[in-house]
file model_7.pdb (PDB, C-alpha atoms, pLDDT in the B column)
ATOM      1  CA  MET Y   1       0.000   0.000   0.000  1.00 57.00           C
ATOM      2  CA  LYS Y   2       2.829   2.387   0.887  1.00 56.00           C
ATOM      3  CA  LYS Y   3       4.574   1.642  -2.410  1.00 56.00           C
ATOM      4  CA  ALA Y   4       1.403   2.420  -4.363  1.00 57.00           C
ATOM      5  CA  ILE Y   5       0.994   5.775  -2.584  1.00 61.00           C
ATOM      6  CA  ILE Y   6       4.653   6.693  -3.142  1.00 64.00           C
ATOM      7  CA  ALA Y   7       4.495   5.628  -6.796  1.00 57.00           C
ATOM      8  CA  GLY Y   8       1.322   7.679  -7.290  1.00 58.00           C
ATOM      9  CA  GLY Y   9       2.961  10.704  -5.668  1.00 59.00           C
ATOM     10  CA  VAL Y  10       6.045  10.417  -7.892  1.00 54.00           C
ATOM     11  CA  ILE Y  11       3.887  10.136 -11.037  1.00 63.00           C
ATOM     12  CA  ALA Y  12       1.812  13.153  -9.963  1.00 58.00           C
ATOM     13  CA  LEU Y  13       4.983  15.163  -9.315  1.00 54.00           C
ATOM     14  CA  ILE Y  14       6.455  14.272 -12.720  1.00 61.00           C
ATOM     15  CA  THR Y  15       3.170  15.078 -14.487  1.00 59.00           C
ATOM     16  CA  THR Y  16       2.998  18.471 -12.754  1.00 56.00           C
ATOM     17  CA  ALA Y  17       6.609  19.295 -13.610  1.00 53.00           C
ATOM     18  CA  CYS Y  18       6.161  18.342 -17.270  1.00 54.00           C
ATOM     19  CA  SER Y  19       2.959  20.345 -17.703  1.00 54.00           C
ATOM     20  CA  GLN Y  20       4.453  23.652 -16.472  1.00 53.00           C
ATOM     21  CA  GLN Y  21       6.412  24.579 -19.605  1.00 56.00           C
ATOM     22  CA  GLN Y  22       7.247  28.114 -20.638  1.00 57.00           C
ATOM     23  CA  PRO Y  23       5.088  29.342 -23.509  1.00 62.00           C
ATOM     24  CA  SER Y  24       7.194  29.971 -26.619  1.00 63.00           C
ATOM     25  CA  GLN Y  25       6.831  33.157 -28.614  1.00 58.00           C
ATOM     26  CA  ASN Y  26       6.941  32.494 -32.340  1.00 62.00           C
ATOM     27  CA  LEU Y  27       8.447  35.001 -34.743  1.00 56.00           C
ATOM     28  CA  GLU Y  28       5.060  35.558 -36.378  1.00 59.00           C
ATOM     29  CA  SER Y  29       3.709  36.981 -33.121  1.00 61.00           C
ATOM     30  CA  LEU Y  30       6.644  39.362 -32.543  1.00 62.00           C
ATOM     31  CA  ASP Y  31       6.352  43.031 -33.390  1.00 66.00           C
ATOM     32  CA  LYS Y  32       8.143  43.538 -36.716  1.00 69.00           C
ATOM     33  CA  LYS Y  33       8.029  47.339 -36.651  1.00 77.00           C
ATOM     34  CA  SER Y  34      11.688  47.466 -35.614  1.00 81.00           C
ATOM     35  CA  ALA Y  35      13.310  44.037 -35.513  1.00 84.00           C
ATOM     36  CA  ARG Y  36      16.072  41.841 -36.916  1.00 86.00           C
ATOM     37  CA  GLU Y  37      15.552  38.186 -37.853  1.00 86.00           C
ATOM     38  CA  VAL Y  38      18.656  36.035 -38.314  1.00 88.00           C
ATOM     39  CA  THR Y  39      18.449  32.412 -39.452  1.00 89.00           C
ATOM     40  CA  LEU Y  40      21.442  30.056 -39.310  1.00 89.00           C
ATOM     41  CA  LYS Y  41      21.460  26.821 -41.333  1.00 89.00           C
ATOM     42  CA  THR Y  42      24.034  24.085 -41.871  1.00 87.00           C
ATOM     43  CA  ILE Y  43      23.480  22.053 -45.035  1.00 88.00           C
ATOM     44  CA  PRO Y  44      25.797  19.136 -45.904  1.00 89.00           C
ATOM     45  CA  ALA Y  45      26.513  18.764 -49.630  1.00 89.00           C
ATOM     46  CA  GLY Y  46      28.854  15.941 -50.604  1.00 89.00           C
ATOM     47  CA  ASP Y  47      32.242  16.392 -48.914  1.00 90.00           C
ATOM     48  CA  SER Y  48      31.550  20.028 -47.959  1.00 91.00           C
ATOM     49  CA  ILE Y  49      29.141  21.919 -45.709  1.00 90.00           C
ATOM     50  CA  HIS Y  50      27.304  25.148 -46.508  1.00 91.00           C
ATOM     51  CA  HIS Y  51      26.842  27.473 -43.514  1.00 90.00           C
ATOM     52  CA  ILE Y  52      24.007  29.818 -44.531  1.00 91.00           C
ATOM     53  CA  THR Y  53      23.106  33.012 -42.664  1.00 92.00           C
ATOM     54  CA  ALA Y  54      19.890  34.764 -43.732  1.00 93.00           C
ATOM     55  CA  GLN Y  55      19.040  38.188 -42.315  1.00 91.00           C
ATOM     56  CA  THR Y  56      15.979  40.441 -42.510  1.00 90.00           C
ATOM     57  CA  ILE Y  57      15.839  43.874 -40.852  1.00 88.00           C
ATOM     58  CA  TRP Y  58      12.656  45.867 -40.299  1.00 87.00           C
ATOM     59  CA  ALA Y  59      12.414  49.553 -39.366  1.00 88.00           C
ATOM     60  CA  ASN Y  60       9.171  51.475 -39.032  1.00 86.00           C
ATOM     61  CA  GLY Y  61       7.210  48.453 -40.263  1.00 84.00           C
ATOM     62  CA  GLN Y  62       9.104  48.147 -43.569  1.00 88.00           C
ATOM     63  CA  VAL Y  63      11.815  45.727 -44.668  1.00 89.00           C
ATOM     64  CA  VAL Y  64      15.061  47.693 -44.796  1.00 91.00           C
ATOM     65  CA  LEU Y  65      17.490  44.914 -45.680  1.00 92.00           C
ATOM     66  CA  GLU Y  66      17.406  41.259 -46.661  1.00 94.00           C
ATOM     67  CA  SER Y  67      20.661  39.397 -47.180  1.00 94.00           C
ATOM     68  CA  VAL Y  68      21.889  35.814 -47.411  1.00 95.00           C
ATOM     69  CA  ASP Y  69      25.535  34.866 -46.882  1.00 94.00           C
ATOM     70  CA  THR Y  70      27.013  31.398 -47.464  1.00 93.00           C
ATOM     71  CA  ILE Y  71      30.335  30.053 -46.222  1.00 90.00           C
ATOM     72  CA  THR Y  72      31.474  26.677 -47.552  1.00 92.00           C
ATOM     73  CA  THR Y  73      33.827  24.498 -45.496  1.00 89.00           C
ATOM     74  CA  ALA Y  74      35.109  20.945 -45.708  1.00 88.00           C
ATOM     75  CA  LYS Y  75      32.922  18.344 -43.998  1.00 88.00           C
ATOM     76  CA  ASN Y  76      35.840  16.830 -42.052  1.00 86.00           C
ATOM     77  CA  ILE Y  77      38.878  18.694 -40.714  1.00 84.00           C
ATOM     78  CA  SER Y  78      42.069  16.862 -39.732  1.00 81.00           C
ATOM     79  CA  ASP Y  79      44.059  18.291 -36.838  1.00 77.00           C
ATOM     80  CA  TRP Y  80      47.806  17.661 -36.560  1.00 79.00           C
ATOM     81  CA  GLY Y  81      47.679  15.417 -33.506  1.00 77.00           C
ATOM     82  CA  ALA Y  82      44.253  13.869 -34.086  1.00 74.00           C
ATOM     83  CA  SER Y  83      43.925  10.236 -35.105  1.00 81.00           C
ATOM     84  CA  GLN Y  84      40.437  10.780 -36.554  1.00 84.00           C
ATOM     85  CA  PRO Y  85      39.213  13.799 -38.550  1.00 84.00           C
ATOM     86  CA  THR Y  86      36.727  16.097 -36.811  1.00 81.00           C
ATOM     87  CA  SER Y  87      33.319  16.434 -38.488  1.00 82.00           C
ATOM     88  CA  LEU Y  88      31.921  19.966 -38.818  1.00 80.00           C
ATOM     89  CA  GLU Y  89      28.439  18.649 -39.541  1.00 79.00           C
ATOM     90  CA  LYS Y  90      27.118  18.646 -35.947  1.00 78.00           C
ATOM     91  CA  ILE Y  91      29.270  21.199 -34.142  1.00 80.00           C
ATOM     92  CA  PRO Y  92      27.461  23.699 -31.889  1.00 81.00           C
ATOM     93  CA  ILE Y  93      26.656  27.201 -33.145  1.00 80.00           C
ATOM     94  CA  TYR Y  94      27.564  30.116 -30.876  1.00 82.00           C
ATOM     95  CA  VAL Y  95      26.004  33.513 -31.540  1.00 80.00           C
ATOM     96  CA  THR Y  96      27.345  36.834 -30.292  1.00 81.00           C
ATOM     97  CA  VAL Y  97      24.992  39.816 -30.323  1.00 76.00           C
ATOM     98  CA  GLU Y  98      26.519  43.275 -30.132  1.00 75.00           C
TER      99      GLU Y  98
END
call {"tool": "encode", "arguments": {"input": "model_7.pdb", "output": "structure tokens"}}
result
Amino acid sequence: MKKAIIAGGVIALITTACSQQQPSQNLESLDKKSAREVTLKTIPAGDSIHHITAQTIWANGQVVLESVDTITTAKNISDWGASQPTSLEKIPIYVTVE
């Protein structure tokens, strides 16, 4: 009986913790009067990877600038002391905002 009560309490606690998620705010619901949207993509293509940065800037409700930049790198990089090449396909992306 005690085990059933404890198990029920643990399940209730987990259910409560999982249901209290932060609501996400999608880009469509943001105010685009003065905003900047930046999208980063990594697309593998053969033995290389395309790192694509797309940018849209709004000011006073109008699109001021739209640009897309692409950097192409090798899919695998070999370091001097490494026995295996390092893949650039799933490396983390760090963003600095100034």
call {"tool": "atom_distance", "arguments": {"input": "model_7.pdb", "atom1": "atom CA of Lys75 of chain Y", "atom2": "atom CA of Pro44 of chain Y"}}
result
7.4 Å
call {"tool": "resolve_selection", "arguments": {"input": "model_7.pdb", "expression": "the PyMOL selection byres ((chain Y and resi 55) around 12)", "output": "number ranges by chain"}}
result
Y: 35-41, 52-54, 56-58, 63-70
call {"tool": "write_last_selection", "arguments": {"input": "model_7.pdb", "atoms": "C-alpha atoms", "output": "compact mmCIF listing (two decimals), in the coordinates of the input"}}
result
# COMPACT_ATOMS: atom_id res chain seq x y z
CA ALA Y 35 13.31 44.04 -35.51
CA ARG Y 36 16.07 41.84 -36.92
CA GLU Y 37 15.55 38.19 -37.85
CA VAL Y 38 18.66 36.03 -38.31
CA THR Y 39 18.45 32.41 -39.45
CA LEU Y 40 21.44 30.06 -39.31
CA LYS Y 41 21.46 26.82 -41.33
CA ILE Y 52 24.01 29.82 -44.53
CA THR Y 53 23.11 33.01 -42.66
CA ALA Y 54 19.89 34.76 -43.73
CA THR Y 56 15.98 40.44 -42.51
CA ILE Y 57 15.84 43.87 -40.85
CA TRP Y 58 12.66 45.87 -40.30
CA VAL Y 63 11.82 45.73 -44.67
CA VAL Y 64 15.06 47.69 -44.80
CA LEU Y 65 17.49 44.91 -45.68
CA GLU Y 66 17.41 41.26 -46.66
CA SER Y 67 20.66 39.40 -47.18
CA VAL Y 68 21.89 35.81 -47.41
CA ASP Y 69 25.54 34.87 -46.88
CA THR Y 70 27.01 31.40 -47.46
call {"tool": "closest_residue", "arguments": {"input": "model_7.pdb", "among": "Y:Thr42, Y:Thr73, Y:Ser34, Y:Ser83", "to": "Ala59 of chain Y", "atoms": "only C-alpha atoms"}}
result
Y:Ser34
call {"tool": "residues_around", "arguments": {"input": "model_7.pdb", "residues": "Ser87 of chain Y", "least_positions_apart": "4", "cutoff": "9 Å", "atoms": "all atoms listed in the file", "output": "list in words"}}
result
Ala74, Lys75, Asn76, Ile77, Ser78 and Ile91 of chain Y
call {"tool": "write_last_selection", "arguments": {"input": "model_7.pdb", "atoms": "C-alpha atoms", "output": "compact mmCIF listing (two decimals), in the frame of the given file"}}
result
# COMPACT_ATOMS: atom_id res chain seq x y z
CA ALA Y 74 35.11 20.94 -45.71
CA LYS Y 75 32.92 18.34 -44.00
CA ASN Y 76 35.84 16.83 -42.05
CA ILE Y 77 38.88 18.69 -40.71
CA SER Y 78 42.07 16.86 -39.73
CA ILE Y 91 29.27 21.20 -34.14
call {"tool": "atom_distance", "arguments": {"input": "model_7.pdb", "atom1": "atom CA of Gln62 of chain Y", "atom2": "atom CA of Tyr94 of chain Y"}}
result
28.8 Å
call {"tool": "axis_aligned_box", "arguments": {"input": "model_7.pdb", "around": "segment 34-52 of chain Y", "padding_each_side": "6 Å", "output": "JSON"}}
result
{"center_x": 22.0, "center_y": 31.7, "center_z": -43.1, "size_x": 32.6, "size_y": 43.5, "size_z": 27.1}
call {"tool": "atom_distance", "arguments": {"input": "model_7.pdb", "atom1": "atom CA of His51 of chain Y", "atom2": "atom CA of Gln84 of chain Y"}}
result
22.6 Å
call {"tool": "closest_residue", "arguments": {"input": "model_7.pdb", "among": "Y:Glu98, Y:Ala82, Y:Pro92, Y:Thr72", "to": "Ala45 of chain Y", "atoms": "only C-alpha atoms"}}
result
Y:Thr72
